[in-house]
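Here is the structure we will look at.
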Amino acid sequence: MAVDEPSERELRVMPWWLVLVGLLAAIALGWLVLDLLLTEADRANQPDTRATLRIDAIRTGLTVVAGTGGGLALLLAARRQWIAERAQRHQESVAARDQAHRDRVQAHAEAVAETAQRHQDRQSGAAEHDAAERRLTELYTRAVELLGNDSAAVRLGGLHALERLGQDNPGQRPTIAAVLCAYLRMPAPDGEPRETEVRRSAQRVLTRHLRADDAAHWPELTLDLTGATLVDFDAAGCTLVDANFTGAVFTGTTTFAGATARGRLLLGAATFGDVVVDGLVADGEVVLDGVRVGGEASFDGAAFTGGLSCRRAGFTGPTSLRRVTFGQPTSFDATRFEDVTSFREAVFDGALSMEHTEFGRSASFHAVRFTNMALFRWTVFGAEALFDRARFLDAANFGRARFHSMVSFRDTEFSRPPQVEQARAVADSGHRWPAGTTVERLDDEWLLLVDRRSVG
């Protein structure tokens, strides 16, 4: 903020009569002094003395007049000097104000020019953005049109056009992923054998950009492949965020090996040929309710820290869940394993429920650790049931279970006696029951297990 300079008194012109009055005053003063001195000189008795005094009186009077005039001259000279200094200060002040004004004008002109330049830049940027958006829309529309073409080759071109569009425009990636998922959800056209290759390509485009260790990774994509038909789907090493495969049909070999599931992974009512889920890490709930696996299934080394729900599922081929970690409550209720099934060295940190579950062939729970409650009520073991070296750190309940072959609890540890009330086992000399188990013969073929507290 500028500070105003103190205002000076207005400079007035000295009137001529004031100078005349000064001169007259000097003459009058000299005359008065001369008159007084002459009067005194005339009083002298001697003529010579009187003449001398008169001469001195005249000299003194003239000196007074000259001194007074000199004083007036000095005063006028001082006034001229003051006027000159004041004029100099005024000129400097005017020059400073002129310079400040010029600086303000220059600053204002520069600000106006800068504002105009910014406005022009914004207009240019908006025009470029609009042009880019129009071009992007045209490319997107064209790619989608290609994807809907009757020719398989043209559809492949549309897939790759969408992929390039997403690679160059990160903001379009979720939309492009949604379009590809919608394409895979659509029924395959009849009489088009090359459609399988198109769908494989669409799958590869999706999974290629779901691998976090790949330079082409598209983060935070969500997949909605509900009811989709997928061929040899390979999501190995992918990061799946809230992926939904409910009701999907997986043909061939499907793999989620080494994948990471963030949020929920929904596979309910899906159908698989062979499926490999080795090393999957899931921090949210994994839903396999109603799943049907026609071939082999492997979950070795997977970690279901957010819980697993696998109710009413069906596994036709060999199923391996070795060294799997189950974090939250896990349920295999009413699930059927028709072939050899192994939970060897698995860890159940949450409660386990296998009620009404059926094992068609041998079921191995060798060295499994059950940290929480384990329920095997009404479970049917169609062949060997092996719990050797398993550890039950909480309650275990085998009430009304059915053992159709040899049962082994060799070196099994229980924190409390297991509940086996009304469980049945075929008569077999190879059974190894938990210590203290009460076994009664029901008939020639079946044995009845009774809890000790119920005896008597």
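Chain identifiers are assigned as A, B, and so on, following the order in which chains appear in the structure tokens; residues are numbered from 1 within each chain, and ligands are numbered from 1 in order of appearance.
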
List every residue of region 88-290 of chain A that DSSP, applied to the backbone, labels as strand (DSSP E or B), and write the result as a CSV table (one decimal) with all heavy atoms, in the first residue's frame.
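After the write, out.csv holds the following:
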chain,number,residue,atom,x,y,z
A,222,THR,N,-12.5,-54.4,-11.9
A,222,THR,CA,-13.4,-55.4,-11.4
A,222,THR,C,-14.0,-56.2,-12.6
A,222,THR,O,-14.3,-55.7,-13.6
A,222,THR,CB,-14.6,-54.8,-10.6
A,222,THR,OG1,-15.3,-53.9,-11.4
A,222,THR,CG2,-14.0,-54.0,-9.4
A,223,LEU,N,-14.2,-57.5,-12.3
A,223,LEU,CA,-14.7,-58.4,-13.4
A,223,LEU,C,-16.1,-58.9,-13.0
A,223,LEU,O,-16.4,-59.4,-11.9
A,223,LEU,CB,-13.8,-59.6,-13.6
A,223,LEU,CG,-12.4,-59.4,-14.0
A,223,LEU,CD1,-11.7,-60.7,-14.2
A,223,LEU,CD2,-12.3,-58.5,-15.2
A,224,ASP,N,-17.0,-58.7,-13.9
A,224,ASP,CA,-18.4,-59.3,-13.7
A,224,ASP,C,-18.6,-60.2,-14.9
A,224,ASP,O,-19.0,-59.9,-16.0
A,224,ASP,CB,-19.4,-58.1,-13.8
A,224,ASP,CG,-20.8,-58.7,-13.5
A,224,ASP,OD1,-21.0,-59.9,-13.3
A,224,ASP,OD2,-21.8,-57.9,-13.6
A,229,THR,N,-19.4,-67.9,-20.5
A,229,THR,CA,-18.8,-69.1,-20.9
A,229,THR,C,-17.3,-68.9,-21.2
A,229,THR,O,-16.9,-68.1,-22.1
A,229,THR,CB,-19.4,-69.7,-22.2
A,229,THR,OG1,-20.8,-69.9,-21.9
A,229,THR,CG2,-18.8,-70.9,-22.7
A,230,LEU,N,-16.4,-69.5,-20.4
A,230,LEU,CA,-15.0,-69.3,-20.5
A,230,LEU,C,-14.3,-70.5,-20.9
A,230,LEU,O,-14.5,-71.6,-20.3
A,230,LEU,CB,-14.5,-68.7,-19.1
A,230,LEU,CG,-15.3,-67.5,-18.6
A,230,LEU,CD1,-14.8,-67.2,-17.2
A,230,LEU,CD2,-15.0,-66.3,-19.5
A,231,VAL,N,-13.3,-70.4,-21.8
A,231,VAL,CA,-12.6,-71.6,-22.3
A,231,VAL,C,-11.1,-71.5,-21.8
A,231,VAL,O,-10.4,-70.5,-22.1
A,231,VAL,CB,-12.6,-71.6,-23.8
A,231,VAL,CG1,-11.9,-72.9,-24.4
A,231,VAL,CG2,-14.1,-71.6,-24.3
A,234,ASP,N,-7.3,-68.6,-17.9
A,234,ASP,CA,-6.1,-68.6,-17.2
A,234,ASP,C,-5.9,-67.2,-16.4
A,234,ASP,O,-5.5,-66.2,-17.0
A,234,ASP,CB,-4.9,-68.8,-18.2
A,234,ASP,CG,-3.6,-68.8,-17.5
A,234,ASP,OD1,-3.5,-68.8,-16.2
A,234,ASP,OD2,-2.5,-68.9,-18.2
A,239,THR,N,-4.5,-60.3,-10.1
A,239,THR,CA,-5.2,-59.6,-8.9
A,239,THR,C,-6.6,-59.4,-9.3
A,239,THR,O,-6.9,-58.6,-10.1
A,239,THR,CB,-4.5,-58.3,-8.6
A,239,THR,OG1,-3.1,-58.6,-8.3
A,239,THR,CG2,-5.1,-57.7,-7.4
A,240,LEU,N,-7.5,-60.1,-8.5
A,240,LEU,CA,-8.9,-60.0,-8.8
A,240,LEU,C,-9.6,-59.2,-7.7
A,240,LEU,O,-9.5,-59.5,-6.5
A,240,LEU,CB,-9.5,-61.4,-8.8
A,240,LEU,CG,-8.9,-62.4,-9.8
A,240,LEU,CD1,-9.4,-63.8,-9.6
A,240,LEU,CD2,-9.0,-61.9,-11.2
A,241,VAL,N,-10.3,-58.1,-8.1
A,241,VAL,CA,-10.9,-57.2,-7.2
A,241,VAL,C,-12.4,-57.4,-7.3
A,241,VAL,O,-13.0,-57.1,-8.3
A,241,VAL,CB,-10.5,-55.8,-7.4
A,241,VAL,CG1,-11.2,-54.8,-6.4
A,241,VAL,CG2,-9.0,-55.6,-7.4
A,242,ASP,N,-13.0,-57.9,-6.2
A,242,ASP,CA,-14.5,-58.1,-6.2
A,242,ASP,C,-14.9,-58.8,-7.5
A,242,ASP,O,-15.9,-58.3,-8.2
A,242,ASP,CB,-15.2,-56.8,-6.0
A,242,ASP,CG,-15.0,-56.2,-4.6
A,242,ASP,OD1,-14.9,-57.0,-3.7
A,242,ASP,OD2,-14.9,-55.0,-4.5
A,243,ALA,N,-14.3,-59.9,-7.9
A,243,ALA,CA,-14.6,-60.6,-9.1
A,243,ALA,C,-15.8,-61.5,-8.9
A,243,ALA,O,-16.0,-62.1,-7.9
A,243,ALA,CB,-13.4,-61.4,-9.6
A,244,ASN,N,-16.7,-61.5,-9.9
A,244,ASN,CA,-18.0,-62.2,-9.8
A,244,ASN,C,-18.0,-63.2,-11.0
A,244,ASN,O,-18.2,-62.8,-12.2
A,244,ASN,CB,-19.2,-61.3,-9.9
A,244,ASN,CG,-20.5,-62.0,-9.5
A,244,ASN,OD1,-20.5,-63.2,-9.5
A,244,ASN,ND2,-21.5,-61.2,-9.3
A,249,VAL,N,-19.6,-70.8,-16.8
A,249,VAL,CA,-19.3,-72.2,-17.3
A,249,VAL,C,-17.8,-72.2,-17.7
A,249,VAL,O,-17.5,-71.5,-18.7
A,249,VAL,CB,-20.2,-72.6,-18.4
A,249,VAL,CG1,-19.8,-73.9,-19.0
A,249,VAL,CG2,-21.6,-72.6,-18.0
A,250,PHE,N,-16.9,-72.9,-17.0
A,250,PHE,CA,-15.5,-73.0,-17.3
A,250,PHE,C,-15.3,-74.3,-18.0
A,250,PHE,O,-15.5,-75.4,-17.4
A,250,PHE,CB,-14.7,-72.9,-16.1
A,250,PHE,CG,-14.8,-71.5,-15.4
A,250,PHE,CD1,-15.8,-71.3,-14.4
A,250,PHE,CD2,-13.8,-70.5,-15.6
A,250,PHE,CE1,-15.8,-70.1,-13.7
A,250,PHE,CE2,-13.9,-69.3,-14.9
A,250,PHE,CZ,-14.9,-69.1,-14.0
A,251,THR,N,-14.9,-74.3,-19.3
A,251,THR,CA,-14.5,-75.5,-20.0
A,251,THR,C,-13.0,-75.6,-20.1
A,251,THR,O,-12.3,-74.6,-20.1
A,251,THR,CB,-15.2,-75.5,-21.4
A,251,THR,OG1,-14.7,-74.4,-22.1
A,251,THR,CG2,-16.7,-75.4,-21.3
A,253,THR,N,-9.3,-76.4,-18.9
A,253,THR,CA,-8.6,-76.3,-17.6
A,253,THR,C,-8.6,-74.8,-17.2
A,253,THR,O,-8.2,-73.9,-17.9
A,253,THR,CB,-7.1,-76.7,-17.7
A,253,THR,OG1,-7.1,-78.1,-18.1
A,253,THR,CG2,-6.4,-76.6,-16.4
A,254,THR,N,-9.1,-74.6,-16.0
A,254,THR,CA,-9.2,-73.2,-15.4
A,254,THR,C,-8.1,-73.1,-14.3
A,254,THR,O,-8.0,-74.0,-13.5
A,254,THR,CB,-10.6,-73.0,-14.8
A,254,THR,OG1,-11.6,-73.2,-15.9
A,254,THR,CG2,-10.7,-71.6,-14.3
A,255,THR,N,-7.4,-72.0,-14.3
A,255,THR,CA,-6.4,-71.8,-13.3
A,255,THR,C,-6.5,-70.5,-12.6
A,255,THR,O,-6.6,-69.4,-13.3
A,255,THR,CB,-5.0,-72.1,-13.8
A,255,THR,OG1,-4.0,-71.8,-12.8
A,255,THR,CG2,-4.7,-71.1,-15.0
A,260,THR,N,-4.3,-63.3,-6.5
A,260,THR,CA,-4.7,-62.6,-5.3
A,260,THR,C,-6.1,-62.1,-5.5
A,260,THR,O,-6.4,-61.4,-6.4
A,260,THR,CB,-3.7,-61.4,-5.1
A,260,THR,OG1,-2.4,-61.9,-5.0
A,260,THR,CG2,-4.1,-60.7,-3.8
A,261,ALA,N,-6.9,-62.5,-4.5
A,261,ALA,CA,-8.3,-62.0,-4.5
A,261,ALA,C,-8.5,-61.0,-3.4
A,261,ALA,O,-8.4,-61.3,-2.3
A,261,ALA,CB,-9.3,-63.2,-4.3
A,262,ARG,N,-8.9,-59.8,-3.9
A,262,ARG,CA,-9.2,-58.7,-2.9
A,262,ARG,C,-10.7,-58.5,-2.9
A,262,ARG,O,-11.3,-58.3,-4.0
A,262,ARG,CB,-8.4,-57.5,-3.3
A,262,ARG,CG,-6.9,-57.6,-3.1
A,262,ARG,CD,-6.1,-56.5,-3.8
A,262,ARG,NE,-6.7,-55.2,-3.5
A,262,ARG,CZ,-6.5,-54.1,-4.2
A,262,ARG,NH1,-5.7,-54.2,-5.3
A,262,ARG,NH2,-7.1,-53.0,-4.0
A,265,LEU,N,-14.7,-63.0,-3.8
A,265,LEU,CA,-14.5,-63.8,-5.0
A,265,LEU,C,-15.7,-64.7,-5.1
A,265,LEU,O,-15.8,-65.7,-4.3
A,265,LEU,CB,-13.2,-64.6,-5.0
A,265,LEU,CG,-12.9,-65.5,-6.2
A,265,LEU,CD1,-12.9,-64.7,-7.5
A,265,LEU,CD2,-11.6,-66.2,-6.0
A,266,LEU,N,-16.6,-64.5,-6.0
A,266,LEU,CA,-17.8,-65.2,-6.2
A,266,LEU,C,-17.8,-66.2,-7.3
A,266,LEU,O,-17.6,-65.8,-8.5
A,266,LEU,CB,-19.0,-64.2,-6.4
A,266,LEU,CG,-19.2,-63.1,-5.3
A,266,LEU,CD1,-20.3,-62.2,-5.7
A,266,LEU,CD2,-19.3,-63.7,-3.9
A,271,THR,N,-19.5,-73.9,-13.1
A,271,THR,CA,-19.2,-75.3,-13.6
A,271,THR,C,-17.8,-75.3,-14.1
A,271,THR,O,-17.4,-74.5,-15.0
A,271,THR,CB,-20.2,-75.7,-14.6
A,271,THR,OG1,-21.5,-75.6,-14.1
A,271,THR,CG2,-19.9,-77.1,-15.1
A,272,PHE,N,-17.0,-76.3,-13.7
A,272,PHE,CA,-15.6,-76.4,-14.1
A,272,PHE,C,-15.4,-77.7,-14.7
A,272,PHE,O,-16.0,-78.7,-14.4
A,272,PHE,CB,-14.7,-76.2,-12.9
A,272,PHE,CG,-14.7,-74.9,-12.3
A,272,PHE,CD1,-15.6,-74.5,-11.3
A,272,PHE,CD2,-13.8,-73.9,-12.7
A,272,PHE,CE1,-15.6,-73.3,-10.7
A,272,PHE,CE2,-13.8,-72.6,-12.2
A,272,PHE,CZ,-14.7,-72.3,-11.1
A,274,ASP,N,-11.4,-79.1,-15.3
A,274,ASP,CA,-10.3,-79.1,-14.3
A,274,ASP,C,-10.1,-77.7,-13.8
A,274,ASP,O,-10.1,-76.7,-14.6
A,274,ASP,CB,-9.0,-79.7,-14.9
A,274,ASP,CG,-9.2,-81.1,-15.4
A,274,ASP,OD1,-10.0,-81.8,-14.8
A,274,ASP,OD2,-8.5,-81.5,-16.4
A,275,VAL,N,-9.8,-77.6,-12.5
A,275,VAL,CA,-9.5,-76.3,-11.9
A,275,VAL,C,-8.3,-76.4,-11.0
A,275,VAL,O,-8.2,-77.3,-10.2
A,275,VAL,CB,-10.8,-75.8,-11.2
A,275,VAL,CG1,-11.2,-76.7,-10.0
A,275,VAL,CG2,-10.6,-74.4,-10.6
A,276,VAL,N,-7.5,-75.4,-11.1
A,276,VAL,CA,-6.2,-75.3,-10.3
A,276,VAL,C,-6.3,-73.9,-9.6
A,276,VAL,O,-6.3,-72.9,-10.2
A,276,VAL,CB,-5.0,-75.3,-11.2
A,276,VAL,CG1,-3.7,-75.2,-10.3
A,276,VAL,CG2,-5.0,-76.6,-12.0
A,281,VAL,N,-4.4,-66.4,-2.8
A,281,VAL,CA,-4.5,-65.7,-1.5
A,281,VAL,C,-5.7,-64.8,-1.6
A,281,VAL,O,-5.8,-63.9,-2.4
A,281,VAL,CB,-3.2,-64.8,-1.3
A,281,VAL,CG1,-3.3,-64.0,0.0
A,281,VAL,CG2,-2.0,-65.7,-1.2
A,282,ALA,N,-6.6,-65.0,-0.7
A,282,ALA,CA,-7.9,-64.3,-0.7
A,282,ALA,C,-8.1,-63.6,0.7
A,282,ALA,O,-8.1,-64.3,1.7
A,282,ALA,CB,-9.1,-65.2,-1.0
A,286,VAL,N,-14.6,-66.1,-0.1
A,286,VAL,CA,-14.6,-66.9,-1.3
A,286,VAL,C,-15.9,-67.8,-1.3
A,286,VAL,O,-16.0,-68.6,-0.4
A,286,VAL,CB,-13.4,-67.7,-1.6
A,286,VAL,CG1,-13.5,-68.5,-2.8
A,286,VAL,CG2,-12.1,-66.8,-1.6
A,287,VAL,N,-16.7,-67.6,-2.3
A,287,VAL,CA,-18.0,-68.3,-2.3
A,287,VAL,C,-17.9,-69.4,-3.4
A,287,VAL,O,-17.8,-69.0,-4.6
A,287,VAL,CB,-19.2,-67.4,-2.5
A,287,VAL,CG1,-20.5,-68.1,-2.6
A,287,VAL,CG2,-19.2,-66.4,-1.4

### Task
May I have all residues of region 49-230 of chain A that DSSP, computed from the backbone, assigns to helix (DSSP H, G or I), given as an NGL selection string?
:A and (49-147 or 152-168 or 170-185 or 195-208)

### Task
With a distance cut-off of 8 Å and only C-alpha atoms, select the neighbouring residues of region 295-308 of chain A, excluding the residue or stretch itself and same-chain residues fewer than 4 positions from it, and output the selection as number ranges by chain.
A: 272-288, 315-331

For the selection you just gave me, I'd like the residues written to a file as a short mmCIF file (atom, residue, chain, number, x, y, z; two decimals), in the first residue's frame, keeping N, CA and C atoms.
data_model
loop_
_atom_site.label_atom_id
_atom_site.label_comp_id
_atom_site.auth_asym_id
_atom_site.auth_seq_id
_atom_site.Cartn_x
_atom_site.Cartn_y
_atom_site.Cartn_z
N PHE A 272 -17.01 -76.29 -13.67
CA PHE A 272 -15.62 -76.39 -14.11
C PHE A 272 -15.36 -77.75 -14.74
N GLY A 273 -14.34 -77.77 -15.60
CA GLY A 273 -13.75 -79.03 -16.02
C GLY A 273 -12.68 -79.37 -14.99
N ASP A 274 -11.41 -79.06 -15.31
CA ASP A 274 -10.33 -79.12 -14.31
C ASP A 274 -10.09 -77.71 -13.80
N VAL A 275 -9.78 -77.61 -12.50
CA VAL A 275 -9.54 -76.29 -11.92
C VAL A 275 -8.34 -76.35 -11.00
N VAL A 276 -7.45 -75.36 -11.14
CA VAL A 276 -6.24 -75.26 -10.33
C VAL A 276 -6.28 -73.92 -9.59
N VAL A 277 -6.29 -74.00 -8.25
CA VAL A 277 -6.35 -72.79 -7.43
C VAL A 277 -5.14 -72.76 -6.49
N ASP A 278 -4.08 -73.45 -6.83
CA ASP A 278 -2.91 -73.53 -5.96
C ASP A 278 -2.34 -72.15 -5.67
N GLY A 279 -2.06 -71.90 -4.38
CA GLY A 279 -1.40 -70.66 -3.99
C GLY A 279 -2.27 -69.42 -4.04
N LEU A 280 -3.56 -69.57 -4.25
CA LEU A 280 -4.44 -68.40 -4.23
C LEU A 280 -4.43 -67.76 -2.84
N VAL A 281 -4.37 -66.43 -2.80
CA VAL A 281 -4.45 -65.69 -1.53
C VAL A 281 -5.69 -64.81 -1.59
N ALA A 282 -6.62 -65.05 -0.69
CA ALA A 282 -7.88 -64.31 -0.70
C ALA A 282 -8.08 -63.64 0.66
N ASP A 283 -8.18 -62.30 0.64
CA ASP A 283 -8.39 -61.59 1.90
C ASP A 283 -9.87 -61.38 2.21
N GLY A 284 -10.74 -61.65 1.25
CA GLY A 284 -12.18 -61.56 1.46
C GLY A 284 -12.82 -62.94 1.37
N GLU A 285 -14.12 -62.97 1.46
CA GLU A 285 -14.82 -64.25 1.42
C GLU A 285 -14.78 -64.83 0.00
N VAL A 286 -14.56 -66.14 -0.07
CA VAL A 286 -14.61 -66.87 -1.33
C VAL A 286 -15.86 -67.75 -1.29
N VAL A 287 -16.73 -67.60 -2.28
CA VAL A 287 -17.99 -68.33 -2.31
C VAL A 287 -17.95 -69.36 -3.43
N LEU A 288 -18.05 -70.65 -3.03
CA LEU A 288 -18.09 -71.76 -3.98
C LEU A 288 -19.38 -72.55 -3.85
N PHE A 315 -17.70 -82.31 -6.38
CA PHE A 315 -16.38 -82.51 -6.97
C PHE A 315 -16.32 -83.94 -7.47
N THR A 316 -16.26 -84.10 -8.78
CA THR A 316 -16.30 -85.43 -9.38
C THR A 316 -14.93 -86.09 -9.38
N GLY A 317 -13.89 -85.37 -9.70
CA GLY A 317 -12.56 -85.94 -9.80
C GLY A 317 -11.78 -85.81 -8.50
N PRO A 318 -10.51 -86.20 -8.50
CA PRO A 318 -9.66 -86.07 -7.31
C PRO A 318 -9.58 -84.61 -6.87
N THR A 319 -9.64 -84.42 -5.57
CA THR A 319 -9.63 -83.06 -5.03
C THR A 319 -8.54 -82.96 -3.98
N SER A 320 -7.68 -81.95 -4.12
CA SER A 320 -6.56 -81.78 -3.20
C SER A 320 -6.63 -80.40 -2.57
N LEU A 321 -6.66 -80.39 -1.24
CA LEU A 321 -6.63 -79.15 -0.47
C LEU A 321 -5.49 -79.22 0.54
N ARG A 322 -4.35 -79.69 0.12
CA ARG A 322 -3.21 -79.86 1.02
C ARG A 322 -2.58 -78.51 1.37
N ARG A 323 -2.23 -78.39 2.64
CA ARG A 323 -1.56 -77.20 3.19
C ARG A 323 -2.36 -75.91 2.95
N VAL A 324 -3.66 -76.03 2.85
CA VAL A 324 -4.51 -74.85 2.71
C VAL A 324 -4.74 -74.23 4.08
N THR A 325 -4.76 -72.91 4.13
CA THR A 325 -5.05 -72.19 5.36
C THR A 325 -6.45 -71.59 5.27
N PHE A 326 -7.28 -71.94 6.22
CA PHE A 326 -8.65 -71.42 6.28
C PHE A 326 -8.72 -70.48 7.48
N GLY A 327 -8.85 -69.18 7.21
CA GLY A 327 -8.81 -68.20 8.30
C GLY A 327 -10.12 -68.05 9.04
N GLN A 328 -11.16 -67.67 8.33
CA GLN A 328 -12.47 -67.45 8.94
C GLN A 328 -13.28 -68.74 8.90
N PRO A 329 -14.49 -68.75 9.49
CA PRO A 329 -15.32 -69.96 9.45
C PRO A 329 -15.46 -70.51 8.03
N THR A 330 -15.33 -71.82 7.93
CA THR A 330 -15.35 -72.51 6.64
C THR A 330 -16.47 -73.55 6.65
N SER A 331 -17.18 -73.62 5.54
CA SER A 331 -18.28 -74.57 5.46
C SER A 331 -18.20 -75.39 4.17
#

### Query
What lies within 12 Å of Arg164 (chain A) using only C-alpha atoms, ignoring chain neighbours under 4 positions off, as a ChimeraX atom specification?
/A:136,139-140,143,157-160,168-170,172-173,176,205,209,216
